[in-house]
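Chemist: Structure file entry.pdb (PDB, C-alpha atoms (C1' of nucleotides)) is given on the next line.
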ATOM      1  CA  MET A   1     152.757  84.870 116.089
ATOM      2  CA  SER A   2     155.622  82.462 116.546
ATOM      3  CA  LEU A   3     157.545  84.531 119.001
ATOM      4  CA  PRO A   4     161.310  84.327 118.726
ATOM      5  CA  PHE A   5     161.847  82.834 122.169
ATOM      6  CA  ASP A   6     163.257  79.583 120.909
ATOM      7  CA  VAL A   7     165.558  81.414 118.537
ATOM      8  CA  LEU A   8     166.810  83.666 121.292
ATOM      9  CA  ALA A   9     167.236  80.746 123.647
ATOM     10  CA  ASP A  10     170.657  80.055 122.164
ATOM     11  CA  PRO A  11     173.484  82.157 123.629
ATOM     12  CA  THR A  12     175.428  82.105 120.384
ATOM     13  CA  ARG A  13     172.531  83.636 118.528
ATOM     14  CA  ARG A  14     172.181  86.314 121.184
ATOM     15  CA  ARG A  15     175.851  87.137 120.787
ATOM     16  CA  LEU A  16     175.339  87.398 117.057
ATOM     17  CA  LEU A  17     172.511  89.846 117.569
ATOM     18  CA  GLU A  18     174.690  91.851 119.901
ATOM     19  CA  LEU A  19     177.401  92.092 117.291
ATOM     20  CA  LEU A  20     174.935  93.021 114.600
ATOM     21  CA  ARG A  21     173.426  95.631 116.851
ATOM     22  CA  GLU A  22     176.520  97.733 116.330
ATOM     23  CA  ARG A  23     176.618  97.457 112.564
ATOM     24  CA  PRO A  24     176.079  95.038 109.697
ATOM     25  CA  ARG A  25     178.904  92.572 109.282
ATOM     26  CA  PRO A  26     180.015  89.872 106.877
ATOM     27  CA  VAL A  27     180.114  86.290 108.056
ATOM     28  CA  GLY A  28     183.865  86.102 108.337
ATOM     29  CA  GLU A  29     183.940  88.956 110.766
ATOM     30  CA  LEU A  30     181.349  87.260 112.940
ATOM     31  CA  VAL A  31     183.378  84.077 112.833
ATOM     32  CA  ASP A  32     186.445  85.960 114.001
ATOM     33  CA  GLU A  33     184.598  87.705 116.800
ATOM     34  CA  LEU A  34     182.937  84.607 118.122
ATOM     35  CA  GLU A  35     185.941  82.338 117.557
ATOM     36  CA  MET A  36     183.731  79.579 116.264
ATOM     37  CA  SER A  37     183.775  77.409 113.215
ATOM     38  CA  GLN A  38     182.343  79.022 110.127
ATOM     39  CA  PRO A  39     179.651  76.380 109.508
ATOM     40  CA  ARG A  40     178.493  76.795 113.042
ATOM     41  CA  VAL A  41     178.082  80.517 112.637
ATOM     42  CA  SER A  42     176.428  80.113 109.261
ATOM     43  CA  LYS A  43     173.880  77.725 110.666
ATOM     44  CA  HIS A  44     172.958  80.054 113.482
ATOM     45  CA  LEU A  45     172.683  82.876 111.004
ATOM     46  CA  ARG A  46     170.314  80.729 109.029
ATOM     47  CA  VAL A  47     168.077  80.287 112.043
ATOM     48  CA  LEU A  48     168.117  83.995 112.692
ATOM     49  CA  ARG A  49     167.339  84.667 109.055
ATOM     50  CA  GLU A  50     164.382  82.291 109.011
ATOM     51  CA  ALA A  51     163.085  83.929 112.145
ATOM     52  CA  GLY A  52     163.307  87.312 110.470
ATOM     53  CA  LEU A  53     165.814  88.615 112.968
ATOM     54  CA  VAL A  54     168.451  89.353 110.373
ATOM     55  CA  THR A  55     168.571  90.094 106.687
ATOM     56  CA  VAL A  56     171.354  89.557 104.208
ATOM     57  CA  ARG A  57     172.787  91.864 101.641
ATOM     58  CA  VAL A  58     174.876  90.087  99.045
ATOM     59  CA  ASP A  59     178.042  91.840  98.007
ATOM     60  CA  ALA A  60     180.022  89.659  95.607
ATOM     61  CA  GLN A  61     180.977  86.580  97.603
ATOM     62  CA  ARG A  62     180.548  88.407 100.848
ATOM     63  CA  ARG A  63     177.232  88.344 102.729
ATOM     64  CA  TRP A  64     176.490  91.293 104.948
ATOM     65  CA  TYR A  65     174.175  90.386 107.775
ATOM     66  CA  GLU A  66     172.075  93.077 109.272
ATOM     67  CA  LEU A  67     169.845  93.164 112.313
ATOM     68  CA  ARG A  68     166.096  93.319 111.764
ATOM     69  CA  PRO A  69     164.538  94.316 115.046
ATOM     70  CA  GLN A  70     160.879  93.827 114.249
ATOM     71  CA  PRO A  71     160.547  90.385 115.880
ATOM     72  CA  LEU A  72     162.042  91.903 118.980
ATOM     73  CA  ALA A  73     159.291  94.480 118.878
ATOM     74  CA  GLU A  74     156.805  91.630 118.909
ATOM     75  CA  LEU A  75     158.573  90.185 121.880
ATOM     76  CA  ASP A  76     158.261  93.528 123.538
ATOM     77  CA  ALA A  77     154.568  93.471 122.783
ATOM     78  CA  TRP A  78     154.284  90.045 124.369
ATOM     79  CA  LEU A  79     155.785  91.469 127.523
ATOM     80  CA  GLU A  80     153.255  94.239 127.673
ATOM     81  CA  PRO A  81     150.587  92.588 129.842
ATOM     82  CA  TYR A  82     153.247  91.576 132.350
ATOM     83  CA  ARG A  83     154.793  94.986 132.626
ATOM     84  CA  ARG A  84     152.186  96.368 134.964
ATOM     85  CA  LEU A  85     152.685  93.411 137.250
ATOM     86  CA  TRP A  86     156.321  94.005 137.946
ATOM     87  CA  CYS A  87     155.652  97.687 138.258
ATOM     88  CA  GLU A  88     153.156  96.956 140.974
ATOM     89  CA  SER A  89     155.391  94.552 142.826
ATOM     90  CA  LEU A  90     158.336  96.859 142.399
ATOM     91  CA  ASP A  91     156.236  99.535 143.882
ATOM     92  CA  ALA A  92     155.398  97.322 146.808
ATOM     93  CA  LEU A  93     159.070  96.518 147.236
ATOM     94  CA  GLU A  94     159.966 100.158 147.235
ATOM     95  CA  ARG A  95     157.460 100.899 149.940
ATOM     96  CA  HIS A  96     158.789  97.942 151.836
ATOM     97  CA  LEU A  97     162.419  99.015 151.617
ATOM     98  CA  ASP A  98     161.387 102.528 152.380
ATOM     99  CA  ALA A  99     160.085 101.351 155.704
ATOM    100  CA  ARG A 100     163.243  99.479 156.691
ATOM    101  CA  PRO A 101     166.382 101.246 155.517
ATOM    102  CA  GLU A 102     168.856  98.581 154.346
ATOM    103  CA  GLN A 103     168.394  95.182 155.916
ATOM    104  CA  PRO A 104     171.925  93.733 156.340
ATOM    105  CA  GLY A 105     171.029  90.152 155.541
ATOM    106  CA  GLU A 106     169.404  90.712 152.186
ATOM    107  CA  PRO A 107     171.313  91.412 149.010
ATOM    108  CA  GLY A 108     171.054  95.062 148.271
ATOM    109  CA  ARG A 109     168.732  96.074 145.470
ATOM    110  CA  ALA A 110     169.170  99.733 146.214
ATOM    111  CA  ASP A 111     170.917 100.359 142.899
ATOM    112  CA  GLY A 112     169.135 101.027 139.668
ATOM    113  CA  SER A 113     169.389  97.450 138.438
ATOM    114  CA  TRP A 114     165.735  96.863 138.913
ATOM    115  CA  GLY A 115     162.729  97.895 137.053
ATOM    116  CA  PRO A 116     163.642  99.614 133.851
ATOM    117  CA  LYS A 117     161.070 102.298 133.257
ATOM    118  CA  CYS A 118     157.614 101.650 134.542
ATOM    119  CA  PRO A 119     155.245 103.538 132.274
ATOM    120  CA  GLY A 120     153.997 105.890 134.930
ATOM    121  CA  GLY A 121     157.417 107.199 135.771
ATOM    122  CA  GLY A 122     156.887 107.311 139.503
ATOM    123  CA  GLY A 123     155.787 103.707 139.401
ATOM    124  CA  GLY A 124     152.187 103.855 140.399
ATOM    125  CA  SER A 125     149.453 101.351 139.706
ATOM    126  CA  GLU A 126     147.536 103.682 137.485
ATOM    127  CA  ARG A 127     146.812 102.608 133.964
ATOM    128  CA  GLY A 128     145.927 104.837 131.072
ATOM    129  CA  GLU A 129     145.965 102.810 127.815
TER     130      GLU A 129
ATOM    131  CA  MET B   1     172.283  86.835 134.086
ATOM    132  CA  SER B   2     170.731  83.622 132.903
ATOM    133  CA  LEU B   3     167.902  85.199 131.032
ATOM    134  CA  PRO B   4     164.687  83.228 130.930
ATOM    135  CA  PHE B   5     164.684  82.738 127.170
ATOM    136  CA  ASP B   6     165.017  79.005 127.279
ATOM    137  CA  VAL B   7     162.316  78.781 129.914
ATOM    138  CA  LEU B   8     159.960  80.901 127.868
ATOM    139  CA  ALA B   9     160.752  79.005 124.712
ATOM    140  CA  ASP B  10     158.190  76.391 125.631
ATOM    141  CA  PRO B  11     154.603  77.270 124.679
ATOM    142  CA  THR B  12     153.174  75.313 127.581
ATOM    143  CA  ARG B  13     155.142  77.374 130.035
ATOM    144  CA  ARG B  14     153.991  80.553 128.368
ATOM    145  CA  ARG B  15     150.405  79.402 128.711
ATOM    146  CA  LEU B  16     151.036  78.717 132.371
ATOM    147  CA  LEU B  17     152.328  82.220 132.848
ATOM    148  CA  GLU B  18     149.288  83.559 131.078
ATOM    149  CA  LEU B  19     146.996  81.691 133.412
ATOM    150  CA  LEU B  20     148.933  82.803 136.445
ATOM    151  CA  ARG B  21     148.858  86.354 135.222
ATOM    152  CA  GLU B  22     145.193  86.488 136.119
ATOM    153  CA  ARG B  23     145.527  85.070 139.610
ATOM    154  CA  PRO B  24     147.368  82.440 141.641
ATOM    155  CA  ARG B  25     146.082  78.938 141.064
ATOM    156  CA  PRO B  26     146.583  75.452 142.436
ATOM    157  CA  VAL B  27     148.085  72.808 140.206
ATOM    158  CA  GLY B  28     144.853  70.964 139.612
ATOM    159  CA  GLU B  29     143.250  74.024 138.171
ATOM    160  CA  LEU B  30     146.145  74.518 135.779
ATOM    161  CA  VAL B  31     145.879  70.889 134.747
ATOM    162  CA  ASP B  32     142.205  71.366 133.989
ATOM    163  CA  GLU B  33     142.760  74.524 132.012
ATOM    164  CA  LEU B  34     145.568  73.156 129.924
ATOM    165  CA  GLU B  35     144.034  69.699 129.558
ATOM    166  CA  MET B  36     147.379  68.075 130.087
ATOM    167  CA  SER B  37     148.647  65.310 132.292
ATOM    168  CA  GLN B  38     149.399  66.359 135.839
ATOM    169  CA  PRO B  39     153.064  65.281 135.788
ATOM    170  CA  ARG B  40     153.586  67.258 132.653
ATOM    171  CA  VAL B  41     152.233  70.404 134.246
ATOM    172  CA  SER B  42     154.148  69.792 137.445
ATOM    173  CA  LYS B  43     157.399  69.475 135.565
ATOM    174  CA  HIS B  44     156.866  72.701 133.708
ATOM    175  CA  LEU B  45     155.982  74.375 136.956
ATOM    176  CA  ARG B  46     159.227  73.118 138.362
ATOM    177  CA  VAL B  47     161.163  74.723 135.540
ATOM    178  CA  LEU B  48     159.319  77.971 136.053
ATOM    179  CA  ARG B  49     159.973  77.786 139.761
ATOM    180  CA  GLU B  50     163.683  77.197 139.326
ATOM    181  CA  ALA B  51     163.829  80.118 136.943
ATOM    182  CA  GLY B  52     162.162  82.310 139.540
ATOM    183  CA  LEU B  53     159.151  82.949 137.364
ATOM    184  CA  VAL B  54     156.684  81.537 139.842
ATOM    185  CA  THR B  55     156.533  80.990 143.567
ATOM    186  CA  VAL B  56     154.547  78.469 145.553
ATOM    187  CA  ARG B  57     152.397  78.926 148.595
ATOM    188  CA  VAL B  58     151.619  75.669 150.336
ATOM    189  CA  ASP B  59     148.090  75.298 151.627
ATOM    190  CA  ALA B  60     147.581  71.824 153.041
ATOM    191  CA  GLN B  61     147.996  69.445 150.150
ATOM    192  CA  ARG B  62     147.259  72.165 147.655
ATOM    193  CA  ARG B  63     150.053  74.242 146.129
ATOM    194  CA  TRP B  64     149.150  77.711 144.973
ATOM    195  CA  TYR B  65     151.399  78.902 142.193
ATOM    196  CA  GLU B  66     151.853  82.579 141.753
ATOM    197  CA  LEU B  67     153.528  84.632 139.052
ATOM    198  CA  ARG B  68     156.781  86.375 139.913
ATOM    199  CA  PRO B  69     157.461  88.939 137.230
ATOM    200  CA  GLN B  70     161.018  89.982 138.099
ATOM    201  CA  PRO B  71     162.732  87.763 135.546
ATOM    202  CA  LEU B  72     160.477  89.261 132.929
ATOM    203  CA  ALA B  73     161.693  92.654 133.985
ATOM    204  CA  GLU B  74     165.207  91.462 133.321
ATOM    205  CA  LEU B  75     164.102  90.310 129.922
ATOM    206  CA  ASP B  76     162.697  93.753 129.362
ATOM    207  CA  ALA B  77     166.040  95.199 130.341
ATOM    208  CA  TRP B  78     167.753  92.929 127.846
ATOM    209  CA  LEU B  79     165.534  94.342 125.144
ATOM    210  CA  GLU B  80     166.445  97.883 126.021
ATOM    211  CA  PRO B  81     169.408  98.398 123.685
ATOM    212  CA  TYR B  82     167.350  97.063 120.783
ATOM    213  CA  ARG B  83     164.364  99.251 121.416
ATOM    214  CA  ARG B  84     165.814 102.319 119.840
ATOM    215  CA  LEU B  85     166.615 100.308 116.740
ATOM    216  CA  TRP B  86     163.091  99.302 115.954
ATOM    217  CA  CYS B  87     161.914 102.757 116.778
ATOM    218  CA  GLU B  88     164.280 104.119 114.192
ATOM    219  CA  SER B  89     163.407 101.557 111.576
ATOM    220  CA  LEU B  90     159.732 101.937 112.322
ATOM    221  CA  ASP B  91     160.187 105.583 111.806
ATOM    222  CA  ALA B  92     161.890 104.955 108.525
ATOM    223  CA  LEU B  93     159.125 102.581 107.519
ATOM    224  CA  GLU B  94     156.492 105.113 108.337
ATOM    225  CA  ARG B  95     158.175 107.671 106.206
ATOM    226  CA  HIS B  96     158.518 105.060 103.506
ATOM    227  CA  LEU B  97     154.885 104.021 103.551
ATOM    228  CA  ASP B  98     153.914 107.601 103.754
ATOM    229  CA  ALA B  99     155.559 108.156 100.426
ATOM    230  CA  ARG B 100     153.939 105.200  98.631
ATOM    231  CA  PRO B 101     150.363 104.618  99.771
ATOM    232  CA  GLU B 102     149.765 100.844  99.822
ATOM    233  CA  GLN B 103     151.877  98.792  97.446
ATOM    234  CA  PRO B 104     149.619  95.947  96.187
ATOM    235  CA  GLY B 105     152.270  93.247  96.040
ATOM    236  CA  GLU B 106     153.480  93.483  99.610
ATOM    237  CA  PRO B 107     151.595  92.131 102.596
ATOM    238  CA  GLY B 108     149.904  95.013 104.263
ATOM    239  CA  ARG B 109     151.366  96.236 107.517
ATOM    240  CA  ALA B 110     149.074  99.233 107.580
ATOM    241  CA  ASP B 111     147.297  98.079 110.731
ATOM    242  CA  GLY B 112     148.511  98.864 114.191
ATOM    243  CA  SER B 113     150.252  95.543 114.682
ATOM    244  CA  TRP B 114     153.622  97.138 114.568
ATOM    245  CA  GLY B 115     155.716  98.975 116.982
ATOM    246  CA  PRO B 116     154.207  99.035 120.431
ATOM    247  CA  LYS B 117     155.091 102.303 122.068
ATOM    248  CA  CYS B 118     158.319 103.878 121.088
ATOM    249  CA  PRO B 119     159.472 105.954 124.029
ATOM    250  CA  GLY B 120     159.040 109.227 122.265
ATOM    251  CA  GLY B 121     155.380 108.712 121.540
ATOM    252  CA  GLY B 122     155.402 110.156 118.056
ATOM    253  CA  GLY B 123     158.101 107.730 117.110
ATOM    254  CA  GLY B 124     161.009 109.992 116.567
ATOM    255  CA  SER B 125     164.647 109.134 116.884
ATOM    256  CA  GLU B 126     165.215 111.420 119.777
ATOM    257  CA  ARG B 127     166.377 109.973 123.023
ATOM    258  CA  GLY B 128     165.702 111.543 126.350
ATOM    259  CA  GLU B 129     166.513 108.693 128.760
TER     260      GLU B 129
ATOM    261  C1'  DT C   1     189.648  78.814  82.296
ATOM    262  C1'  DC C   2     191.641  77.781  86.840
ATOM    263  C1'  DC C   3     192.081  78.569  91.382
ATOM    264  C1'  DC C   4     191.193  80.832  95.589
ATOM    265  C1'  DT C   5     188.245  83.100  98.832
ATOM    266  C1'  DG C   6     183.866  83.413 101.212
ATOM    267  C1'  DT C   7     179.856  81.138 102.506
ATOM    268  C1'  DA C   8     176.278  77.599 102.550
ATOM    269  C1'  DT C   9     174.817  72.856 103.082
ATOM    270  C1'  DG C  10     174.971  67.645 103.958
ATOM    271  C1'  DT C  11     176.034  63.840 107.052
ATOM    272  C1'  DC C  12     176.514  61.979 111.265
ATOM    273  C1'  DA C  13     176.937  61.369 116.379
ATOM    274  C1'  DT C  14     175.823  63.401 120.731
ATOM    275  C1'  DT C  15     173.077  65.501 123.882
ATOM    276  C1'  DG C  16     169.348  67.259 126.261
ATOM    277  C1'  DA C  17     164.299  68.478 126.491
ATOM    278  C1'  DC C  18     159.826  66.682 126.530
ATOM    279  C1'  DG C  19     155.985  63.498 127.356
ATOM    280  C1'  DT C  20     154.029  59.222 129.345
ATOM    281  C1'  DT C  21     153.423  55.771 132.796
ATOM    282  C1'  DA C  22     154.290  54.272 137.276
ATOM    283  C1'  DT C  23     155.335  55.348 141.916
ATOM    284  C1'  DA C  24     156.477  58.146 146.068
ATOM    285  C1'  DT C  25     155.267  61.839 149.477
ATOM    286  C1'  DG C  26     152.358  64.621 152.390
ATOM    287  C1'  DC C  27     148.151  66.009 154.395
ATOM    288  C1'  DC C  28     143.394  65.465 155.495
ATOM    289  C1'  DG C  29     139.117  63.262 157.260
ATOM    290  C1'  DT C  30     137.286  59.400 159.594
TER     291       DT C  30
ATOM    292  C1'  DA D   1     145.812  54.230 162.003
ATOM    293  C1'  DC D   2     143.782  54.093 157.256
ATOM    294  C1'  DG D   3     142.320  55.421 152.847
ATOM    295  C1'  DG D   4     142.200  58.943 149.551
ATOM    296  C1'  DC D   5     143.261  63.280 147.374
ATOM    297  C1'  DA D   6     146.756  66.660 145.561
ATOM    298  C1'  DT D   7     151.205  66.981 143.940
ATOM    299  C1'  DA D   8     156.013  65.718 143.145
ATOM    300  C1'  DT D   9     159.462  62.579 141.403
ATOM    301  C1'  DA D  10     161.582  58.411 138.872
ATOM    302  C1'  DA D  11     162.345  55.707 134.875
ATOM    303  C1'  DC D  12     162.172  55.356 130.194
ATOM    304  C1'  DG D  13     161.584  56.145 125.192
ATOM    305  C1'  DT D  14     161.492  59.696 121.544
ATOM    306  C1'  DC D  15     162.678  63.483 119.009
ATOM    307  C1'  DA D  16     164.946  67.781 117.702
ATOM    308  C1'  DA D  17     168.714  70.996 118.243
ATOM    309  C1'  DT D  18     173.552  71.339 118.270
ATOM    310  C1'  DG D  19     178.272  70.867 116.700
ATOM    311  C1'  DA D  20     182.264  68.778 113.998
ATOM    312  C1'  DC D  21     183.771  67.505 109.724
ATOM    313  C1'  DA D  22     183.536  67.230 104.861
ATOM    314  C1'  DT D  23     181.894  69.086 100.763
ATOM    315  C1'  DA D  24     179.351  71.994  97.445
ATOM    316  C1'  DC D  25     178.604  76.476  95.352
ATOM    317  C1'  DA D  26     179.414  81.168  93.673
ATOM    318  C1'  DG D  27     182.121  85.115  92.412
ATOM    319  C1'  DG D  28     186.601  87.403  91.285
ATOM    320  C1'  DG D  29     191.209  87.750  89.724
ATOM    321  C1'  DA D  30     195.049  85.918  86.999
TER     322       DA D  30
END
Rewrite the coordinates I just gave you, this time as structure tokens.
Modeler:
Amino acid sequence: MSLPFDVLADPTRRRLLELLRERPRPVGELVDELEMSQPRVSKHLRVLREAGLVTVRVDAQRRWYELRPQPLAELDAWLEPYRRLWCESLDALERHLDARPEQPGEPGRADGSWGPKCPGGGGGSERGE
Amino acid sequence: MSLPFDVLADPTRRRLLELLRERPRPVGELVDELEMSQPRVSKHLRVLREAGLVTVRVDAQRRWYELRPQPLAELDAWLEPYRRLWCESLDALERHLDARPEQPGEPGRADGSWGPKCPGGGGGSERGE
DNA sequence: TCCCTGTATGTCATTGACGTTATATGCCGT
DNA sequence: ACGGCATATAACGTCAATGACATACAGGGA
């Protein structure tokens, strides 16, 4: 329980996760990247640590922070029951757009920016589970 | 942009989404379900509306709120670059646990509460896209 | 041992979110 | 037109998160 929504609500913390996605880093490096005061970064790291989103490896006076993706997996699990919904509506949208090729007034959604991977591939309303 | 993290950070709003996941509902029904004051619910609905997470259909003096899952799809897209990470670490964990069957000191994670669906099914580190 | 580097924490003021109570708006039935 | 129901908004107090600044702590090298 205790999904990490509130932790992820802060843009600074999301940037930290992005940086740590590439590789573990010591605090000073994160400070340099984010161009923020060191206490500020340390406090956000503390929040991330308490939420289990990062772990620390102590190396002399340097602390290497490392991403711990498990809470994000729980977030992904939370999304699960909603996934089918946007697949369905995406499907409906596709059929809709299919009928009228490119309405000039509406902002184009013809690119791939939309539904990232509906389970069924083709995007049907079937459910296996 | 403007991911719905801060909107979803509130438990009340998540409960609202849960209720609306089943079917569209008028405000009064949501108030009854949540056992909260009507202004409180209305304000949260406003936040959800402004974030695009719900839409309203006006029916006389009743307002039917309906879930709009697109922003959740964007959240899902945000998760994408992290997904492979927990698949990898889950994989590593599996191998790890496989080696030592049930350490008594650690809290058991042997149940299925873990990684919901890594793309590759078996949980490998392959990537097909 | 002393100092310097790297990092964490304490204090404090500011800000914004949240909840409650009171009130406004809009639509219906009579 | 009037009263009442369903919902939105306003005003206000409260509380927690955030950030800046100052300081504490720990380890390493001289």
Chemist: Taking only C-alpha atoms (C1' of nucleotides) into account, produce a table as a tab-separated table in which each residue of chain A with an atom at most 9 Å from an atom of chain C appears once, together with its shortest atom pair and the distance in Å to one decimal, ordered by chain and rising number.
Modeler:
residue	atom	partner	partner_atom	distance
A:Val27	CA	C:DT7	C1'	7.6
A:Gly28	CA	C:DG6	C1'	7.6
A:Gln38	CA	C:DT7	C1'	8.3
A:Pro39	CA	C:DA8	C1'	7.8
A:Ser42	CA	C:DA8	C1'	7.2
A:Lys43	CA	C:DA8	C1'	8.5
A:Gln61	CA	C:DG6	C1'	5.6
A:Arg62	CA	C:DG6	C1'	6.0
A:Arg63	CA	C:DT7	C1'	7.7
Chemist: Up to 9 Å from chain B, what residues of chain D turn up? Count all atoms listed in the file and give them as a VMD selection string.
Modeler: chain D and resid 5 to 9
Chemist: Quote the spacing between CA of Ala51 (chain A) and CA of Ala73 (chain B) in Å to one decimal place.
Modeler: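 That distance, rounded to one decimal, is 23.6 Å.
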Chemist: For chain A versus chain B, which residues have an atom no more than 7 Å away, and what is each residue's nearest atom pair and distance in Å rounded to one decimal, using all atoms listed in the file, chain-then-number order, as CSV?
Modeler:
residue,atom,partner,partner_atom,distance
A:Phe5,CA,B:Ala9,CA,4.7
A:Asp6,CA,B:Ala9,CA,4.6
A:Leu8,CA,B:Phe5,CA,6.3
A:Ala9,CA,B:Asp6,CA,4.6
A:Pro69,CA,B:Trp86,CA,5.3
A:Gln70,CA,B:Trp86,CA,6.1
A:Ala73,CA,B:Gly115,CA,6.0
A:Ala77,CA,B:Pro116,CA,6.1
A:Tyr82,CA,B:Pro69,CA,7.0
A:Leu85,CA,B:Pro69,CA,6.5
A:Trp86,CA,B:Pro69,CA,5.2
A:Gly115,CA,B:Ala73,CA,6.2
A:Pro116,CA,B:Ala77,CA,6.1
Chemist: Between CA of Val58 (chain B) and C1' of DA10 (chain D), what distance in Å does the model show, to one decimal?
Modeler: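 Separation of CA of Val58 (chain B) and C1' of DA10 (chain D): 23.0 Å.
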Chemist: So that all listed atoms of region 8-18 of chain B fit with 5 Å spare on each side, what axis-aligned box centre and edge lengths in Å, to one decimal, would you give as AutoDock Vina command-line options?
Modeler:
--center_x 155.0 --center_y 79.4 --center_z 128.8 --size_x 21.5 --size_y 18.2 --size_z 18.2
Chemist: Would you compute the distance between CA of Arg13 (chain A) and CA of His44 (chain A)? Give it in Å to one decimal.
Modeler: 6.2 Å
Chemist: With distances taken over all atoms listed in the file, which residue among A:Leu19, A:Glu35, A:Glu29, A:Tyr65 lies nearest Leu48 (chain A)?
Modeler: A:Tyr65
